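Q: This is model.cif (mmCIF, C-alpha atoms).
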data_query
#
loop_
_atom_site.group_PDB
_atom_site.id
_atom_site.type_symbol
_atom_site.label_atom_id
_atom_site.label_comp_id
_atom_site.auth_asym_id
_atom_site.auth_seq_id
_atom_site.Cartn_x
_atom_site.Cartn_y
_atom_site.Cartn_z
ATOM 1 C CA MET P 2 -33.590 10.422 128.620
ATOM 2 C CA SER P 3 -34.432 13.934 129.849
ATOM 3 C CA ASN P 4 -33.345 12.915 133.371
ATOM 4 C CA LEU P 5 -29.876 12.048 132.104
ATOM 5 C CA PHE P 6 -29.574 15.035 129.737
ATOM 6 C CA PRO P 7 -31.891 17.810 130.973
ATOM 7 C CA LYS P 8 -30.376 20.441 128.646
ATOM 8 C CA ILE P 9 -31.662 18.518 125.626
ATOM 9 C CA GLY P 10 -35.275 18.798 126.794
ATOM 10 C CA ILE P 11 -34.811 22.473 127.644
ATOM 11 C CA TYR P 12 -33.379 23.152 124.192
ATOM 12 C CA GLN P 13 -36.118 21.204 122.410
ATOM 13 C CA ARG P 14 -38.835 23.154 124.219
ATOM 14 C CA TRP P 15 -37.046 26.450 123.517
ATOM 15 C CA ILE P 16 -36.544 25.812 119.782
ATOM 16 C CA LYS P 17 -40.167 24.688 119.340
ATOM 17 C CA GLU P 18 -41.385 27.816 121.119
ATOM 18 C CA ARG P 19 -39.170 30.031 118.980
ATOM 19 C CA ALA P 20 -40.344 28.366 115.748
ATOM 20 C CA HIS P 21 -43.963 28.707 116.875
ATOM 21 C CA LEU P 22 -43.642 32.422 117.660
ATOM 22 C CA GLU P 23 -41.411 33.482 114.759
ATOM 23 C CA LYS P 24 -42.816 31.022 112.174
ATOM 24 C CA PHE P 25 -39.307 30.403 110.753
ATOM 25 C CA LEU P 26 -35.737 29.571 111.772
ATOM 26 C CA ILE P 27 -32.452 30.494 110.109
ATOM 27 C CA ASN P 28 -29.238 28.620 110.862
ATOM 28 C CA GLU P 29 -25.591 29.740 110.793
ATOM 29 C CA TYR P 30 -25.346 28.853 107.110
ATOM 30 C CA GLY P 31 -28.289 31.009 106.034
ATOM 31 C CA ARG P 32 -30.685 28.129 105.527
ATOM 32 C CA ILE P 33 -34.273 28.959 106.384
ATOM 33 C CA GLN P 34 -37.337 26.867 107.098
ATOM 34 C CA TYR P 35 -40.889 27.968 107.860
ATOM 35 C CA PHE P 36 -43.077 26.346 110.518
ATOM 36 C CA TYR P 37 -46.859 26.455 110.639
ATOM 37 C CA ASP P 38 -48.100 23.677 112.890
ATOM 38 C CA VAL P 39 -45.676 23.450 115.795
ATOM 39 C CA PHE P 40 -48.463 23.717 118.357
ATOM 40 C CA ARG P 41 -52.213 23.338 118.145
ATOM 41 C CA PHE P 42 -54.862 24.350 120.617
ATOM 42 C CA ALA P 43 -57.647 22.071 121.772
ATOM 43 C CA TRP P 44 -60.487 22.544 124.190
ATOM 44 C CA SER P 45 -60.165 20.535 127.378
ATOM 45 C CA ASN P 46 -63.454 19.620 129.005
ATOM 46 C CA LYS P 47 -61.553 18.574 132.103
ATOM 47 C CA SER P 48 -59.915 21.959 132.715
ATOM 48 C CA ARG P 49 -62.619 23.890 130.850
ATOM 49 C CA SER P 50 -59.951 25.833 128.954
ATOM 50 C CA TRP P 51 -57.885 25.781 125.785
ATOM 51 C CA VAL P 52 -54.707 23.734 126.099
ATOM 52 C CA ARG P 53 -51.674 23.797 123.854
ATOM 53 C CA LYS P 54 -50.468 20.487 122.412
ATOM 54 C CA ASP P 55 -47.768 19.526 119.953
ATOM 55 C CA GLY P 56 -48.952 19.891 116.385
ATOM 56 C CA GLU P 57 -48.026 17.867 113.297
ATOM 57 C CA GLY P 58 -44.877 19.943 112.827
ATOM 58 C CA ALA P 59 -43.622 19.883 116.432
ATOM 59 C CA ARG P 60 -40.555 17.804 115.625
ATOM 60 C CA HIS P 61 -39.562 19.810 112.545
ATOM 61 C CA PRO P 62 -37.783 22.698 114.345
ATOM 62 C CA ILE P 63 -35.672 20.225 116.311
ATOM 63 C CA ALA P 64 -34.712 18.307 113.184
ATOM 64 C CA PHE P 65 -34.061 21.527 111.241
ATOM 65 C CA ARG P 66 -31.373 22.706 113.649
ATOM 66 C CA VAL P 67 -29.455 19.442 113.371
ATOM 67 C CA GLN P 68 -29.968 18.468 109.734
ATOM 68 C CA SER P 69 -29.738 21.874 108.081
ATOM 69 C CA THR P 70 -26.567 22.686 109.981
ATOM 70 C CA ALA P 71 -24.965 19.423 108.881
ATOM 71 C CA PHE P 72 -25.913 20.008 105.246
ATOM 72 C CA GLY P 73 -24.785 23.641 105.460
ATOM 73 C CA MET P 74 -21.419 22.468 106.723
ATOM 74 C CA ILE P 75 -21.118 19.924 103.889
ATOM 75 C CA GLN P 76 -22.047 22.611 101.351
ATOM 76 C CA ASP P 77 -19.347 24.939 102.709
ATOM 77 C CA GLU P 78 -16.782 22.153 102.538
ATOM 78 C CA LEU P 79 -17.791 21.331 98.982
ATOM 79 C CA LEU P 80 -17.380 25.015 98.063
ATOM 80 C CA LYS P 81 -13.868 24.914 99.564
ATOM 81 C CA CYS P 82 -13.128 21.873 97.379
ATOM 82 C CA GLU P 83 -14.407 23.832 94.388
ATOM 83 C CA MET P 84 -12.291 26.903 95.232
ATOM 84 C CA GLU P 85 -9.194 24.713 95.428
ATOM 85 C CA GLU P 86 -10.244 23.125 92.100
ATOM 86 C CA LEU P 87 -10.387 19.688 93.706
ATOM 87 C CA CYS P 88 -13.822 18.976 92.238
ATOM 88 C CA ALA P 89 -12.443 19.173 88.719
ATOM 89 C CA GLU P 90 -9.128 17.513 89.568
ATOM 90 C CA HIS P 91 -10.747 14.501 91.237
ATOM 91 C CA ASN P 92 -13.933 14.346 89.110
ATOM 92 C CA PHE P 93 -16.603 15.275 91.661
ATOM 93 C CA ILE P 94 -19.826 13.463 90.716
ATOM 94 C CA THR P 95 -22.588 14.277 93.210
ATOM 95 C CA THR P 96 -23.666 14.296 96.824
ATOM 96 C CA ILE P 97 -25.746 11.445 98.148
ATOM 97 C CA HIS P 98 -27.352 12.423 101.445
ATOM 98 C CA ASP P 99 -24.248 13.277 103.498
ATOM 99 C CA SER P 100 -21.645 11.772 101.170
ATOM 100 C CA LEU P 101 -19.483 13.386 98.529
ATOM 101 C CA MET P 102 -18.875 11.153 95.528
ATOM 102 C CA PHE P 103 -15.686 11.484 93.475
ATOM 103 C CA MET P 104 -14.397 9.418 90.579
ATOM 104 C CA PRO P 105 -10.645 10.090 90.512
ATOM 105 C CA GLU P 106 -8.412 8.934 87.693
ATOM 106 C CA VAL P 107 -6.681 5.605 88.080
ATOM 107 C CA GLY P 108 -3.666 6.077 90.333
ATOM 108 C CA LYS P 109 -4.977 9.318 91.928
ATOM 109 C CA LYS P 110 -7.273 7.742 94.512
ATOM 110 C CA ASP P 111 -4.898 8.291 97.436
ATOM 111 C CA ARG P 112 -4.345 11.933 96.492
ATOM 112 C CA CYS P 113 -8.116 12.472 96.236
ATOM 113 C CA ILE P 114 -8.609 10.969 99.696
ATOM 114 C CA GLU P 115 -5.891 13.177 101.213
ATOM 115 C CA ASP P 116 -7.149 16.385 99.576
ATOM 116 C CA VAL P 117 -10.826 15.930 100.382
ATOM 117 C CA TYR P 118 -10.184 14.531 103.878
ATOM 118 C CA ARG P 119 -8.114 17.632 104.751
ATOM 119 C CA ILE P 120 -11.009 19.931 103.877
ATOM 120 C CA MET P 121 -13.769 17.772 105.362
ATOM 121 C CA THR P 122 -12.050 17.579 108.758
ATOM 122 C CA GLN P 123 -11.178 21.269 109.149
ATOM 123 C CA ALA P 124 -12.878 23.066 112.018
ATOM 124 C CA THR P 125 -15.728 25.319 110.988
ATOM 125 C CA THR P 126 -15.697 28.766 112.541
ATOM 126 C CA LYS P 127 -19.430 29.214 111.879
ATOM 127 C CA LEU P 128 -20.063 26.761 114.706
ATOM 128 C CA ARG P 129 -17.803 28.246 117.364
ATOM 129 C CA ASN P 130 -19.123 28.365 120.930
ATOM 130 C CA GLU P 131 -18.369 27.151 124.453
ATOM 131 C CA ALA P 132 -19.202 23.561 123.472
ATOM 132 C CA THR P 133 -17.000 23.425 120.342
ATOM 133 C CA GLY P 134 -14.095 25.493 121.671
ATOM 134 C CA PRO P 135 -12.219 28.420 120.127
ATOM 135 C CA GLU P 136 -11.469 26.678 116.813
ATOM 136 C CA GLY P 137 -15.076 25.721 116.104
ATOM 137 C CA LEU P 138 -16.742 22.395 115.433
ATOM 138 C CA ARG P 139 -14.581 19.649 113.992
ATOM 139 C CA VAL P 140 -16.168 16.427 112.805
ATOM 140 C CA GLY P 141 -14.825 13.054 111.841
ATOM 141 C CA VAL P 142 -15.437 11.608 108.423
ATOM 142 C CA GLU P 143 -15.420 8.124 106.973
ATOM 143 C CA ILE P 144 -14.044 7.240 103.576
ATOM 144 C CA ALA P 145 -15.214 4.337 101.455
ATOM 145 C CA VAL P 146 -13.834 3.382 98.065
ATOM 146 C CA GLY P 147 -14.793 0.852 95.456
ATOM 147 C CA ASP P 148 -15.549 0.452 91.782
ATOM 148 C CA ASN P 149 -19.281 0.000 92.555
ATOM 149 C CA TRP P 150 -21.649 0.120 95.546
ATOM 150 C CA ARG P 151 -21.293 -3.577 96.280
ATOM 151 C CA ASN P 152 -17.494 -3.386 96.468
ATOM 152 C CA MET P 153 -17.248 -0.287 98.704
ATOM 153 C CA ILE P 154 -14.791 -0.754 101.542
ATOM 154 C CA GLU P 155 -13.974 1.677 104.332
ATOM 155 C CA VAL P 156 -10.512 3.245 104.307
ATOM 156 C CA LYS P 157 -8.822 4.063 107.608
ATOM 157 C CA ILE P 158 -6.733 7.224 107.771
#
What would you get if you wrote out this structure as structure tokens?

A:
Amino acid sequence: MSNLFPKIGIYQRWIKERAHLEKFLINEYGRIQYFYDVFRFAWSNKSRSWVRKDGEGARHPIAFRVQSTAFGMIQDELLKCEMEELCAEHNFITTIHDSLMFMPEVGKKDRCIEDVYRIMTQATTKLRNEATGPEGLRVGVEIAVGDNWRNMIEVKI
């Protein structure tokens, strides 16, 4: 994998090193996580020196950058829905992992989909760089509707 995408390996090593030295990371959304066991040191009889190895928490800084950014983006989008009073209008229920759950009134399902889809697919300026372009990161979303979990069907927009 690292042969095909060498920048991924470089980034993973860099973010682990940063988390090890600083003991915490903060993302663009202000979320913070502390790291205590990114690397551990063990004596090597072969080289007769201390060697650094990945610790129990070596994967956590890599996951933090991806997961916390995604959840920060969802939180910002949910706040936009709240500011536009869409949460009350369409009966926002809860978030489940990376899903927003609404229970719109009968006959207002299509309007709920349009309103929430518009906000969820806007570009976020907090993630603006050479990779995302001048507008910022824009993500696709999927919509599923149904009167219970078993009857959920995906809606194409």

Q: The PyMOL selection byres ((chain P and resi 114-118) around 8) on the file shown: which residues, as a PyMOL selection string?

A: chain P and resi 82+87+110-113+119-122+142+144

Q: Can you list, as a list in words, the residues that the PyMOL selection byres ((chain P and resi 128-137) around 10) selects here?

A: Glu29, Tyr30, Thr70, Met74, Gln123, Ala124, Thr125, Thr126, Lys127, Leu138, Arg139 and Val140 of chain P

Q: Do you know which residues are at most 10 Å from Gly31 in chain P counting all atoms listed in the file, after dropping those on the same chain fewer than 4 positions away, and could you put them as a ChimeraX atom specification?

A: /P:26-27,69-70,73

Q: Taking all atoms of range 100-116 of chain P that the file lists and extending 6 Å past them on each side, where is the centre of the axis-aligned box and how long are its edges? Answer in Å to one decimal, as AutoDock Vina command-line options.

A:
--center_x -12.7 --center_y 11.0 --center_z 94.5 --size_x 30.0 --size_y 22.8 --size_z 25.5

Q: Measuring atom to atom with all atoms listed in the file, identify which of P:Leu101, P:Ile94, P:Val146, P:Ala64 is nearest to Glu78 in chain P.

A: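 Checking each of P:Leu101, P:Ile94, P:Val146, P:Ala64 against Glu78 in chain P, counting all atoms listed in the file, the winner is P:Leu101.
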
Q: Written as an mmCIF file with C-alpha atoms, in the frame of the given file, which residues does the PyMOL selection byres ((chain P and resi 104) around 6) give for the file shown?

A:
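The resulting out.cif:
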data_model
loop_
_atom_site.group_PDB
_atom_site.id
_atom_site.type_symbol
_atom_site.label_atom_id
_atom_site.label_comp_id
_atom_site.auth_asym_id
_atom_site.auth_seq_id
_atom_site.Cartn_x
_atom_site.Cartn_y
_atom_site.Cartn_z
ATOM 1 C CA ASN P 92 -13.933 14.346 89.110
ATOM 2 C CA PHE P 103 -15.686 11.484 93.475
ATOM 3 C CA PRO P 105 -10.645 10.090 90.512
#

Q: At what distance in Å, to one decimal, does CA of Ala20 in chain P lie from CA of His61 in chain P?

A: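 Separation between CA of His61 in chain P and CA of Ala20 in chain P: 9.2 Å.
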
Q: Give me, please, the distance in Å between CA of Phe93 in chain P and CA of Ile154 in chain P, quoted to one decimal.

A: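 Pair CA of Phe93 in chain P / CA of Ile154 in chain P returns 18.9 Å.
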
Q: By how many Å are CA of Arg53 in chain P and CA of Asn4 in chain P apart?

A: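 Atom-to-atom, CA of Arg53 in chain P to CA of Asn4 in chain P, that is 23.3 Å.
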
Q: Need the shell around Ala145 in chain P: protein/DNA/RNA residues with any atom at most 10 Å away, counting all atoms listed in the file. Skip same-chain ones fewer than 2 positions apart. Format as a ChimeraX atom specification?

A: /P:100,102,114,143,147,150,152-157
